[in-house]
Each structure stands twice: as structure tokens, then as C-alpha cells.
file upload_20.txt (compact mmCIF, C-alpha atoms and all ligand atoms)
# COMPACT_ATOMS: atom_id res chain seq x y z
CA MET A 24 14.93 -0.20 -13.76
CA GLU A 25 11.14 -0.04 -13.82
CA ILE A 26 9.51 -3.27 -15.03
CA LYS A 27 6.03 -2.86 -16.48
CA ILE A 28 3.28 -5.40 -15.89
CA SER A 29 0.86 -5.78 -18.77
CA TYR A 30 -1.09 -8.97 -19.33
CA LYS A 31 -4.62 -10.24 -19.68
CA LYS A 32 -5.64 -13.26 -17.68
CA ASP A 33 -5.49 -16.28 -19.92
CA ASN A 34 -7.84 -19.10 -19.06
CA ARG A 35 -5.87 -21.92 -20.59
CA THR A 36 -6.24 -25.05 -18.51
CA CYS A 37 -2.75 -26.40 -19.09
CA PRO A 38 -1.59 -27.96 -16.87
CA VAL A 39 -4.64 -29.92 -15.80
CA THR A 40 -2.68 -32.49 -13.87
CA VAL A 41 0.94 -31.53 -13.90
CA GLY A 42 2.17 -34.95 -12.88
CA GLU A 43 0.91 -36.47 -16.10
CA LYS A 44 2.66 -33.98 -18.33
CA ARG A 45 6.15 -34.46 -19.62
CA PHE A 46 8.77 -32.10 -18.24
CA GLY A 47 8.84 -28.76 -20.05
CA THR A 48 5.69 -29.22 -22.10
CA CYS A 49 3.35 -26.72 -20.47
CA PHE A 50 3.86 -23.06 -19.78
CA THR A 51 2.15 -20.44 -17.69
CA ASP A 52 0.26 -17.58 -19.35
CA LYS A 53 2.99 -14.99 -18.71
CA MET A 54 6.58 -14.21 -19.61
CA PHE A 55 9.24 -11.62 -18.92
CA PHE A 56 10.63 -9.82 -21.94
CA ALA A 57 13.29 -7.15 -22.55
CA GLU A 58 15.09 -5.97 -25.65
CA TYR A 59 18.72 -4.87 -26.02
CA LYS A 60 19.25 -2.13 -28.58
CA ASP A 61 21.30 1.05 -28.90
CA GLY A 62 23.69 -0.41 -26.34
CA LYS A 63 21.22 -0.91 -23.50
CA TRP A 64 18.37 -3.02 -22.14
CA GLN A 65 14.99 -1.44 -22.80
CA ASP A 66 11.33 -1.72 -21.88
CA PRO A 67 11.37 -4.74 -19.54
CA VAL A 68 7.85 -6.08 -19.14
CA VAL A 69 5.92 -8.98 -17.64
CA LYS A 70 3.39 -9.76 -20.36
CA ASN A 71 1.35 -12.58 -21.82
CA PHE A 72 3.17 -15.73 -22.91
CA GLU A 73 3.00 -15.34 -26.68
CA PRO A 74 5.13 -15.72 -29.82
CA PHE A 75 7.54 -12.96 -30.79
CA THR A 76 8.74 -12.07 -34.28
CA ILE A 77 12.29 -12.38 -35.53
CA TRP A 78 13.61 -12.20 -39.10
CA PRO A 79 14.46 -15.44 -40.94
CA SER A 80 17.96 -13.95 -41.14
CA ALA A 81 18.21 -13.46 -37.35
CA LEU A 82 21.72 -14.31 -36.17
CA VAL A 83 20.61 -16.85 -33.58
CA LEU A 84 18.99 -19.04 -36.25
CA HIS A 85 22.21 -19.35 -38.23
CA TYR A 86 25.10 -19.11 -35.80
CA ALA A 87 23.55 -20.16 -32.49
CA GLN A 88 24.31 -17.06 -30.48
CA GLU A 89 22.09 -18.10 -27.57
CA ILE A 90 22.36 -18.75 -23.84
CA PHE A 91 19.94 -19.94 -21.19
CA GLU A 92 19.44 -20.87 -17.56
CA GLY A 93 17.37 -23.42 -15.67
CA GLN A 94 16.11 -22.76 -12.14
CA LYS A 95 13.10 -23.40 -9.95
CA ALA A 96 10.53 -21.81 -7.66
CA TYR A 97 8.55 -23.72 -5.02
CA LYS A 98 5.32 -23.24 -3.15
CA TRP A 99 5.66 -24.41 0.43
CA SER A 100 2.87 -25.86 2.53
CA ASP A 101 2.73 -22.61 4.54
CA GLY A 102 2.09 -20.68 1.32
CA SER A 103 5.58 -19.20 0.96
CA ILE A 104 6.86 -18.85 -2.59
CA VAL A 105 10.62 -19.35 -2.76
CA MET A 106 13.45 -19.67 -5.25
CA PHE A 107 16.61 -21.75 -4.83
CA ARG A 108 19.91 -19.83 -5.13
CA PRO A 109 18.70 -17.55 -7.98
CA GLU A 110 21.70 -15.24 -7.63
CA MET A 111 23.92 -18.12 -8.77
CA ASN A 112 21.91 -18.51 -11.99
CA ILE A 113 22.15 -14.78 -12.68
CA LYS A 114 25.93 -14.81 -12.25
CA ARG A 115 26.32 -17.89 -14.43
CA PHE A 116 24.05 -16.41 -17.12
CA ASN A 117 26.31 -13.39 -17.31
CA ARG A 118 29.43 -15.59 -17.50
CA SER A 119 27.79 -17.47 -20.39
CA ALA A 120 26.94 -14.10 -22.00
CA GLU A 121 30.57 -13.02 -21.85
CA ARG A 122 31.79 -16.30 -23.36
CA MET A 123 29.26 -15.96 -26.22
CA CYS A 124 30.03 -12.26 -26.85
CA MET A 125 26.60 -11.14 -25.69
CA PRO A 126 25.69 -8.22 -23.43
CA THR A 127 25.35 -9.06 -19.75
CA VAL A 128 22.01 -8.50 -18.07
CA ASP A 129 21.78 -6.01 -15.23
CA GLU A 130 21.68 -8.24 -12.13
CA GLU A 131 19.03 -6.15 -10.43
CA MET A 132 16.72 -6.16 -13.47
CA PHE A 133 17.22 -9.93 -13.79
CA MET A 134 16.36 -10.63 -10.13
CA LYS A 135 13.41 -8.24 -10.17
CA GLY A 136 12.15 -9.78 -13.42
CA LEU A 137 12.39 -13.28 -11.93
CA GLU A 138 10.61 -12.27 -8.75
CA MET A 139 7.85 -10.34 -10.50
CA LEU A 140 7.19 -13.11 -13.01
CA VAL A 141 7.14 -15.86 -10.38
CA TRP A 142 4.93 -13.74 -8.15
CA GLU A 143 2.45 -13.05 -10.99
CA ASP A 144 2.57 -16.77 -11.80
CA ARG A 145 2.09 -17.87 -8.18
CA ASP A 146 -1.24 -19.59 -8.86
CA TRP A 147 0.50 -21.78 -11.45
CA ILE A 148 3.04 -23.17 -8.98
CA PRO A 149 2.01 -26.67 -7.97
CA SER A 150 2.31 -27.20 -4.23
CA GLU A 151 2.37 -31.01 -4.14
CA ASP A 152 5.48 -32.79 -2.99
CA ALA A 153 8.28 -32.96 -5.60
CA HIS A 154 6.46 -30.41 -7.81
CA SER A 155 7.85 -27.01 -8.73
CA LEU A 156 7.84 -24.17 -11.22
CA TYR A 157 10.70 -24.62 -13.67
CA ILE A 158 12.04 -21.23 -14.81
CA ARG A 159 13.81 -20.76 -18.13
CA PRO A 160 15.61 -17.46 -18.79
CA ALA A 161 17.21 -17.16 -22.24
CA MET A 162 18.88 -14.63 -24.53
CA ILE A 163 19.10 -14.67 -28.33
CA ALA A 164 20.78 -12.49 -30.98
CA VAL A 165 18.11 -11.13 -33.32
CA ASP A 166 20.03 -8.91 -35.78
CA PRO A 167 18.90 -9.75 -39.33
CA LEU A 168 22.27 -10.36 -40.96
CA LEU A 169 24.26 -13.30 -42.28
CA GLY A 170 27.76 -12.12 -41.50
CA VAL A 171 29.46 -14.21 -38.85
CA ARG A 172 29.80 -11.82 -35.97
CA SER A 173 28.13 -11.09 -32.68
CA GLY A 174 24.91 -9.14 -32.81
CA SER A 175 23.98 -5.78 -31.39
CA ASN A 176 20.27 -6.58 -30.86
CA TYR A 177 19.10 -9.18 -28.36
CA TYR A 178 15.94 -10.51 -26.76
CA PHE A 179 16.09 -11.55 -23.13
CA PHE A 180 13.08 -13.49 -21.89
CA ILE A 181 11.97 -15.73 -19.06
CA VAL A 182 9.25 -18.36 -19.31
CA ASP A 183 7.79 -20.54 -16.55
CA SER A 184 6.79 -24.18 -16.79
CA PRO A 185 4.88 -25.94 -13.99
CA ALA A 186 6.67 -29.23 -13.37
CA GLY A 187 5.65 -32.51 -11.79
CA PRO A 188 8.07 -34.97 -10.19
CA TYR A 189 11.04 -35.61 -12.45
CA PHE A 190 10.78 -39.32 -11.66
CA PRO A 191 7.05 -40.11 -11.66
CA GLU A 192 7.84 -43.80 -11.16
CA GLY A 193 10.07 -43.15 -8.18
CA PHE A 194 13.68 -42.39 -7.42
CA ASN A 195 15.22 -45.26 -9.39
CA PRO A 196 18.71 -45.49 -10.88
CA VAL A 197 19.24 -44.99 -14.59
CA LYS A 198 21.58 -46.68 -17.07
CA ILE A 199 24.14 -44.44 -18.67
CA TRP A 200 26.20 -44.95 -21.80
CA VAL A 201 29.79 -43.68 -21.83
CA SER A 202 30.51 -42.21 -25.26
CA ASP A 203 33.89 -43.34 -26.60
CA THR A 204 33.39 -41.75 -30.01
CA TYR A 205 31.43 -38.49 -29.83
CA VAL A 206 32.49 -35.58 -27.64
CA ARG A 207 30.36 -32.77 -26.22
CA THR A 208 33.00 -30.09 -26.06
CA ILE A 209 36.72 -29.63 -26.50
CA ARG A 210 39.55 -27.86 -24.74
CA GLY A 211 39.09 -24.12 -25.31
CA GLY A 212 35.52 -24.63 -26.51
CA ILE A 213 32.21 -23.48 -25.05
CA GLY A 214 31.56 -26.38 -22.65
CA GLU A 215 31.56 -24.04 -19.69
CA ALA A 216 28.78 -21.83 -21.14
CA LYS A 217 25.13 -22.78 -20.84
CA THR A 218 24.39 -22.42 -24.54
CA GLY A 219 22.15 -24.31 -26.93
CA ALA A 220 25.03 -25.27 -29.22
CA ASN A 221 26.42 -27.64 -26.58
CA TYR A 222 23.11 -29.48 -26.59
CA ALA A 223 22.94 -29.71 -30.37
CA ALA A 224 26.30 -31.48 -30.18
CA THR A 225 24.84 -34.16 -27.90
CA LEU A 226 21.71 -35.16 -29.82
CA LYS A 227 23.24 -37.83 -32.04
CA ALA A 228 24.96 -39.65 -29.18
CA MET A 229 21.81 -39.36 -27.05
CA SER A 230 19.67 -41.01 -29.72
CA GLU A 231 22.23 -43.81 -30.16
CA ALA A 232 22.38 -44.32 -26.40
CA ARG A 233 18.58 -44.52 -26.19
CA ALA A 234 18.51 -47.05 -29.04
CA LYS A 235 20.90 -49.20 -26.99
CA GLY A 236 18.64 -48.97 -23.93
CA TYR A 237 20.48 -46.27 -21.97
CA SER A 238 18.80 -43.07 -20.86
CA GLN A 239 21.71 -40.62 -20.90
CA VAL A 240 25.26 -40.17 -22.14
CA LEU A 241 28.33 -39.73 -19.95
CA TRP A 242 30.85 -37.56 -21.77
CA LEU A 243 34.60 -37.97 -21.63
CA ASP A 244 37.05 -35.13 -22.28
CA GLY A 245 37.21 -34.02 -25.88
CA VAL A 246 40.97 -34.31 -26.24
CA GLU A 247 41.94 -37.81 -25.08
CA LEU A 248 38.52 -39.41 -24.38
CA LYS A 249 40.04 -40.50 -21.11
CA TYR A 250 38.74 -38.28 -18.30
CA VAL A 251 35.15 -38.29 -17.09
CA GLU A 252 33.45 -34.91 -17.59
CA GLU A 253 29.67 -34.86 -17.15
CA ILE A 254 26.30 -36.19 -18.23
CA SER A 255 24.56 -34.11 -20.94
CA THR A 256 22.43 -32.10 -18.52
CA MET A 257 24.01 -33.05 -15.20
CA ASN A 258 27.29 -33.10 -13.34
CA ILE A 259 28.48 -36.47 -12.04
CA PHE A 260 29.56 -37.81 -8.65
CA PHE A 261 31.04 -41.15 -7.55
CA VAL A 262 30.94 -42.52 -4.02
CA GLU A 263 34.05 -44.33 -2.81
CA GLY A 264 34.08 -45.23 0.86
CA GLY A 265 32.94 -42.19 2.80
CA LYS A 266 34.09 -39.91 0.03
CA LEU A 267 32.61 -38.20 -3.02
CA ILE A 268 34.66 -37.77 -6.17
CA THR A 269 33.60 -35.37 -8.91
CA PRO A 270 35.48 -34.03 -11.94
CA ASN A 271 37.08 -30.64 -11.30
CA LEU A 272 35.85 -27.65 -13.31
CA SER A 273 38.19 -28.04 -16.22
CA GLY A 274 36.68 -25.49 -18.58
CA GLY A 275 34.75 -28.11 -20.50
CA ILE A 276 32.30 -28.80 -17.69
CA LEU A 277 29.30 -26.74 -16.69
CA ASP A 278 29.65 -25.23 -13.23
CA GLY A 279 26.44 -26.73 -11.84
CA ILE A 280 24.62 -25.02 -8.99
CA THR A 281 23.31 -28.39 -7.82
CA ARG A 282 26.92 -29.66 -8.04
CA ASP A 283 27.98 -26.85 -5.70
CA SER A 284 25.04 -27.60 -3.38
CA VAL A 285 25.94 -31.32 -3.30
CA ILE A 286 29.55 -30.51 -2.38
CA THR A 287 28.45 -28.17 0.41
CA ALA A 288 25.81 -30.58 1.75
CA ALA A 289 28.20 -33.57 1.60
CA LYS A 290 30.93 -31.76 3.53
CA ASP A 291 28.34 -30.75 6.11
CA LEU A 292 27.39 -34.43 6.46
CA GLY A 293 31.02 -35.20 7.24
CA LEU A 294 31.90 -36.66 3.86
CA LYS A 295 35.17 -35.88 2.14
CA VAL A 296 34.83 -34.37 -1.33
CA GLU A 297 37.53 -34.62 -3.99
CA GLU A 298 37.28 -32.41 -7.07
CA ARG A 299 39.86 -33.78 -9.45
CA ARG A 300 40.50 -35.44 -12.77
CA ILE A 301 39.14 -38.97 -12.80
CA THR A 302 39.75 -41.38 -15.67
CA ILE A 303 37.07 -43.69 -17.00
CA GLU A 304 39.53 -46.52 -16.36
CA GLU A 305 39.68 -45.62 -12.66
CA VAL A 306 35.86 -45.62 -12.58
CA CYS A 307 35.50 -49.00 -14.30
CA ASN A 308 38.20 -50.59 -12.11
CA GLY A 309 36.67 -49.00 -9.01
CA ILE A 310 33.25 -50.44 -9.79
CA ASN A 311 34.71 -53.89 -10.60
CA SER A 312 36.71 -54.02 -7.37
CA GLY A 313 33.78 -52.77 -5.28
CA LYS A 314 35.54 -49.55 -4.23
CA ILE A 315 33.07 -47.33 -6.06
CA THR A 316 29.66 -48.20 -4.69
CA GLU A 317 27.40 -45.40 -5.91
CA CYS A 318 27.14 -42.87 -8.70
CA PHE A 319 24.69 -40.04 -9.32
CA GLY A 320 24.09 -37.06 -11.57
CA SER A 321 23.17 -33.59 -10.27
CA GLY A 322 21.12 -30.89 -12.01
CA THR A 323 18.25 -28.51 -11.35
CA ALA A 324 15.56 -30.45 -13.20
CA CYS A 325 16.01 -33.76 -11.35
CA VAL A 326 18.13 -32.50 -8.41
CA ILE A 327 19.83 -35.91 -8.05
CA SER A 328 19.61 -38.79 -10.50
CA PRO A 329 20.97 -42.08 -9.16
CA VAL A 330 23.02 -44.02 -11.73
CA GLY A 331 22.88 -47.80 -11.39
CA GLN A 332 24.87 -48.85 -14.40
CA LEU A 333 27.50 -47.54 -16.83
CA GLY A 334 27.98 -49.01 -20.29
CA TYR A 335 31.48 -48.53 -21.69
CA LYS A 336 33.06 -50.16 -24.74
CA GLY A 337 30.53 -52.98 -24.81
CA LYS A 338 30.72 -53.84 -21.08
CA ASP A 339 28.27 -52.94 -18.33
CA TYR A 340 29.38 -51.83 -14.88
CA VAL A 341 26.72 -52.17 -12.19
CA MET A 342 26.76 -50.39 -8.83
CA ASN A 343 24.86 -51.27 -5.65
CA GLY A 344 22.80 -53.92 -7.47
CA SER A 345 21.26 -51.08 -9.57
CA LYS A 346 19.54 -49.70 -6.48
CA THR A 347 19.73 -46.18 -5.07
CA GLY A 348 22.60 -46.10 -2.58
CA PRO A 349 22.39 -44.65 0.95
CA ILE A 350 24.68 -41.68 0.36
CA THR A 351 22.86 -40.68 -2.85
CA GLN A 352 19.56 -40.87 -0.97
CA LYS A 353 20.91 -38.84 1.97
CA ILE A 354 22.15 -36.01 -0.23
CA TYR A 355 18.90 -35.96 -2.20
CA ASP A 356 16.94 -35.76 1.06
CA VAL A 357 19.02 -32.83 2.37
CA ILE A 358 18.83 -30.71 -0.79
CA THR A 359 15.14 -31.35 -1.52
CA GLY A 360 14.37 -30.95 2.21
CA ILE A 361 15.78 -27.42 2.06
CA GLN A 362 14.04 -26.67 -1.25
CA TYR A 363 10.64 -27.69 0.12
CA GLY A 364 11.12 -26.00 3.49
CA LYS A 365 11.22 -29.24 5.48
CA ILE A 366 14.80 -28.84 6.68
CA LYS A 367 16.30 -25.67 8.11
CA ASP A 368 18.21 -23.75 5.43
CA LYS A 369 21.49 -23.28 7.23
CA PHE A 370 23.35 -22.50 4.01
CA GLY A 371 21.22 -19.47 3.01
CA TRP A 372 20.04 -21.02 -0.26
CA ILE A 373 16.39 -20.02 -0.08
CA ARG A 374 15.10 -16.66 -1.30
CA LYS A 375 11.52 -15.97 -0.26
CA ILE A 376 9.66 -13.76 -2.70
CA ASN A 377 6.19 -13.24 -1.32
CA THR A 378 7.25 -10.81 1.33
CA LYS A 379 5.98 -7.69 -0.41
C1 LIG B 1 22.51 -26.94 -16.56
C2 LIG B 1 23.53 -27.99 -16.72
C3 LIG B 1 24.00 -28.77 -15.63
C4 LIG B 1 23.42 -28.67 -14.25
O1 LIG B 1 23.56 -27.42 -13.68
P1 LIG B 1 22.62 -27.00 -12.46
O2 LIG B 1 23.00 -25.60 -12.19
O3 LIG B 1 22.92 -27.92 -11.35
O4 LIG B 1 21.22 -27.14 -12.95
C5 LIG B 1 25.03 -29.66 -15.87
N1 LIG B 1 25.56 -29.82 -17.10
C6 LIG B 1 25.13 -29.12 -18.16
C7 LIG B 1 25.77 -29.32 -19.48
C8 LIG B 1 24.10 -28.18 -18.01
O5 LIG B 1 23.69 -27.47 -19.06
call {"tool": "encode", "arguments": {"input": "upload_20.txt", "output": "C-alpha cells"}}
result
Amino acid sequence: MEIKISYKKDNRTCPVTVGEKRFGTCFTDKMFFAEYKDGKWQDPVVKNFEPFTIWPSALVLHYAQEIFEGQKAYKWSDGSIVMFRPEMNIKRFNRSAERMCMPTVDEEMFMKGLEMLVWEDRDWIPSEDAHSLYIRPAMIAVDPLLGVRSGSNYYFFIVDSPAGPYFPEGFNPVKIWVSDTYVRTIRGGIGEAKTGANYAATLKAMSEARAKGYSQVLWLDGVELKYVEEISTMNIFFVEGGKLITPNLSGGILDGITRDSVITAAKDLGLKVEERRITIEEVCNGINSGKITECFGSGTACVISPVGQLGYKGKDYVMNGSKTGPITQKIYDVITGIQYGKIKDKFGWIRKINTK
């Protein structure tokens, strides 16, 4: 499908110094936009980043029929512009679309749209170490009607946000609160879809966790509050001996692309990886007995977030003296090394896009 390019250069200065901006607060001057009507995607265009109009009665505003993705592009020191495993995001987006009764996006139009937008935005991609262009594709139902049903009109759009290092103060472990009251998703629910509604469900627990001095929430399963699932925006890994343990994809957990990359990289480093159910009790006992020595979260925005401490039912469980452990560091170094072109990409994760 032909994608039009139609924008005027916008001389906004945001971001002046990306590193000083909070994640996701500045955007480039362009966006990709396409509309679904009469049963097909129409008029895809790369145009100026600008507001669009929807009716106050638009379905998405009332019943949350929305999905999104999060991915990144990088500018290497040799000038190459690359994306990290974008085909995985496209496939996951379409799985989310199916779960939320939305039309899938033609994979070729999606990839072309990503590449064209990133290419047009190439001067906005910061090239400093640990910087990137965060890419946010999303789809919303825009039919103006209040009946509870899936729409037949949708907007699909992609916006780009130049991003500084996720941890401006360094790669330091965070404290995480294990929720033993709220749940993020339930068996048979939409936990597996990347949809805004799952995030709305986490806000209350997140604000309570922050008030207690923790930076994130670790969710347990929504049926028994017994099995570890994931952190609100990240999958979770535990290190026990020379082995990684991560919850299996149960249906309630998001199938993280970083999670998959961690598993592949860890196996390549000679580590064993177990994907299985793990109870919070096993985790707490493992930390107390010294068997579990490290824990980290994985997600596109931060890549790897070391976890130094878990708070559960009024007790704190500290790992590795709240310092980043050696295995966490090693895996971070491998994945970011490939993303920034410093390590050979033997897994085929990098897609170069400036080879016109
Ligand atoms: C996006 C997301 C992740 C991380 O997925 P990546 O593909 O690694 O970025 C984990 N959990 C949830 C709930 C998410 O929305």
C-alpha cells in the first residue's frame, strides 16, 4: 500500500537536551496515521504531529477499545539507523487487536509506516549512549456510539519520542512492592493484550506503592494471589545459582519481546532458563535462604531494571545487598550491546532502515 508523505518542517526545539526530559514527554514533529473504514485501512500518511478530532461519544473514550505497542530505534555511531525486532511488535499488536475485537493491521503497511516515519524523523534520534527514539504505535475505536460493542471505524497512528537514558542516575536497583490486595488481570481476562485498560487497573496500586517508598508493583495471579506474574510494565526474572527463573506465559502475562531476548541471550551465555509457575512464597524463602541472589525486570523502555528489594506483607526481602548483580549486568550488557551496534548481532535482532 502506498504511504503518502505530507508534512511541513516544524521548528520546535523540543527536545533541547533529551537527557533532562522525563521519559515520554517530548515528541518529534511527525506521525504516521491511517484510518479504518468501510472494512479496510485507508489513506496511510506520514504527516505533522498534530491533534486529531474524535467525537465525545467515540467508543474508545467510554469502553477502552484501544491497543498499543512500545519499541525503539537507535542511531549508531557509524550513522546507521536501526530498529530492534520490529516484526515482533507488529505480530503482538495484531494479537492484541484480535483479543480486543479490532481489525488487524496489514503487516507490510505497518513495517513500511514504521520505517518511513523513523527515517523522516532521523534527525530527532539522539545518538548518545543509552539514548534512543521510543516509538509508540496505537489503535483506537472512534465510532460515535454508546452501545457496548466493537467499532467499525478505527484510527491507527504511530508517534515518536526521543528518549534519554531510562536511569539518568545510573543502573541502580529499585524497590518493588508485591501487591497482596489488588490484581492487574484475571484468568480469562485481557492481561495478555497490550491495551490501556490493563494500565488503568494498576494506577491505584502504583500510587499506594509510591507512597510507601516503592517504585513499582509486582503483580500476583488474579485468582489465588499466590503466583508471581509480572511488574506493571515489565516481565520479571529471578537468578538462582546459574539459572534464570521467569513465570511462564499463563495468559495473564504480557509476552515481552525483551523477555524473549533475555531468555535467548541467557541460554547463549550458558545459563539454564526455567519458564514455570513460581509462588511468591518460593521467592521470599529463596531470598531469605540466599538461593535467589538477583532479580530484574525486562521491558523495552528500560531494557533491564535491576530489583534490589521486594516488599511483601509488611516485610522487606533484600537481594545482593541492593546492588546490581553480575548476571543482571551481563544480560543488560549483551542486549544493549546488540542494540547499539557494539556487539555482533548473532540472533538477527537488528533491522537497519537507512539502506534506501
Ligand atoms: C510492554 C509490556 C511489557 C514489556 O514488553 P516488551 O516487549 O519487553 O517491551 C511487560 N509487561 C507489560 C504489562 C507490558 O505492557
call {"tool": "closest_residue", "arguments": {"input": "upload_20.txt", "among": "A:Trp99, A:Trp242, A:Tyr178, A:Trp142", "to": "A:Ile259", "atoms": "all atoms listed in the file"}}
result
A:Trp242
call {"tool": "residues_around", "arguments": {"input": "upload_20.txt", "residues": "stretch 345-355 of chain A", "least_positions_apart": "3", "cutoff": "7 Å", "atoms": "all atoms listed in the file", "output": "compact mmCIF listing (two decimals) with C-alpha atoms, in the frame of the given file"}}
result
# COMPACT_ATOMS: atom_id res chain seq x y z
CA ASN A 195 15.22 -45.26 -9.39
CA PRO A 196 18.71 -45.49 -10.88
CA VAL A 285 25.94 -31.32 -3.30
CA ALA A 288 25.81 -30.58 1.75
CA ALA A 289 28.20 -33.57 1.60
CA GLU A 317 27.40 -45.40 -5.91
CA PHE A 319 24.69 -40.04 -9.32
CA ILE A 327 19.83 -35.91 -8.05
CA PRO A 329 20.97 -42.08 -9.16
CA GLY A 331 22.88 -47.80 -11.39
CA GLN A 332 24.87 -48.85 -14.40
CA VAL A 341 26.72 -52.17 -12.19
CA MET A 342 26.76 -50.39 -8.83
CA ILE A 358 18.83 -30.71 -0.79
CA THR A 359 15.14 -31.35 -1.52
call {"tool": "residues_around", "arguments": {"input": "upload_20.txt", "residues": "A:Lys314", "least_positions_apart": "4", "cutoff": "12 Å", "atoms": "all atoms listed in the file", "output": "PyMOL selection string"}}
result
chain A and resi 261-268+305-310+318+342-343
call {"tool": "closest_residue", "arguments": {"input": "upload_20.txt", "among": "A:Thr281, A:Asn176, A:Ser80, A:Thr48", "to": "A:Thr323", "atoms": "all atoms listed in the file"}}
result
A:Thr281
call {"tool": "residues_near_ligand", "arguments": {"input": "upload_20.txt", "ligand": "ligand LIG 1 (chain B)", "cutoff": "8 Å", "atoms": "only C-alpha atoms and all ligand atoms", "output": "ChimeraX atom specification"}}
result
/A:92-94,112,214-218,221-222,253-258,276-283,321-324,326
call {"tool": "residues_near_point", "arguments": {"input": "upload_20.txt", "point": "(15.5, -4.3, -25.0)", "cutoff": "9 Å", "atoms": "all atoms listed in the file", "output": "list in words"}}
result
Phe56, Ala57, Glu58, Tyr59, Lys60, Asp61, Lys63, Trp64, Gln65, Asp66, Pro67, Asn176, Tyr177, Tyr178 and Phe179 of chain A
call {"tool": "residues_near_point", "arguments": {"input": "upload_20.txt", "point": "(16.1, -13.3, -5.3)", "cutoff": "7 Å", "atoms": "only C-alpha atoms", "output": "PyMOL selection string"}}
result
chain A and resi 106+109-110+134+138+374+376
call {"tool": "residues_around", "arguments": {"input": "upload_20.txt", "residues": "A:Phe46", "least_positions_apart": "4", "cutoff": "12 Å", "atoms": "only C-alpha atoms", "output": "list in words"}}
result
Pro38, Val41, Gly42, Phe50, His154, Ser155, Leu156, Tyr157, Ile158, Asp183, Ser184, Pro185, Ala186, Gly187, Pro188, Tyr189, Phe190, Pro191, Ala324 and Cys325 of chain A
call {"tool": "atom_distance", "arguments": {"input": "upload_20.txt", "atom1": "atom CA of A:Ala161", "atom2": "atom CA of A:Gly62"}}
result
18.4 Å
call {"tool": "atom_distance", "arguments": {"input": "upload_20.txt", "atom1": "atom CA of A:Gly174", "atom2": "atom CA of A:Tyr86"}}
result
10.4 Å
call {"tool": "atom_distance", "arguments": {"input": "upload_20.txt", "atom1": "atom CA of A:Lys32", "atom2": "atom CA of A:Phe107"}}
result
27.1 Å
call {"tool": "residues_around", "arguments": {"input": "upload_20.txt", "residues": "A:Thr208", "least_positions_apart": "2", "cutoff": "10 Å", "atoms": "only C-alpha atoms", "output": "list of chain:residue names"}}
result
A:Tyr205, A:Val206, A:Arg210, A:Gly211, A:Gly212, A:Ile213, A:Gly214, A:Glu215, A:Ala220, A:Asn221, A:Tyr222, A:Ala224, A:Thr225, A:Trp242, A:Leu243, A:Asp244, A:Gly245, A:Val246, A:Glu252, A:Gly274, A:Gly275, A:Ile276
call {"tool": "write_last_selection", "arguments": {"input": "upload_20.txt", "atoms": "C-alpha atoms", "output": "short mmCIF file (atom, residue, chain, number, x, y, z; two decimals), in the coordinates of the input"}}
result
data_model
loop_
_atom_site.label_atom_id
_atom_site.label_comp_id
_atom_site.auth_asym_id
_atom_site.auth_seq_id
_atom_site.Cartn_x
_atom_site.Cartn_y
_atom_site.Cartn_z
CA TYR A 205 31.43 -38.49 -29.83
CA VAL A 206 32.49 -35.58 -27.64
CA ARG A 210 39.55 -27.86 -24.74
CA GLY A 211 39.09 -24.12 -25.31
CA GLY A 212 35.52 -24.63 -26.51
CA ILE A 213 32.21 -23.48 -25.05
CA GLY A 214 31.56 -26.38 -22.65
CA GLU A 215 31.56 -24.04 -19.69
CA ALA A 220 25.03 -25.27 -29.22
CA ASN A 221 26.42 -27.64 -26.58
CA TYR A 222 23.11 -29.48 -26.59
CA ALA A 224 26.30 -31.48 -30.18
CA THR A 225 24.84 -34.16 -27.90
CA TRP A 242 30.85 -37.56 -21.77
CA LEU A 243 34.60 -37.97 -21.63
CA ASP A 244 37.05 -35.13 -22.28
CA GLY A 245 37.21 -34.02 -25.88
CA VAL A 246 40.97 -34.31 -26.24
CA GLU A 252 33.45 -34.91 -17.59
CA GLY A 274 36.68 -25.49 -18.58
CA GLY A 275 34.75 -28.11 -20.50
CA ILE A 276 32.30 -28.80 -17.69
#
call {"tool": "closest_residue", "arguments": {"input": "upload_20.txt", "among": "A:Tyr97, A:Phe116, A:Phe133, A:Trp372", "to": "A:Ile26", "atoms": "all atoms listed in the file"}}
result
A:Phe133
call {"tool": "closest_residue", "arguments": {"input": "upload_20.txt", "among": "A:Gly219, A:Val357, A:Leu333, A:Ile77", "to": "A:Leu292", "atoms": "all atoms listed in the file"}}
result
A:Val357
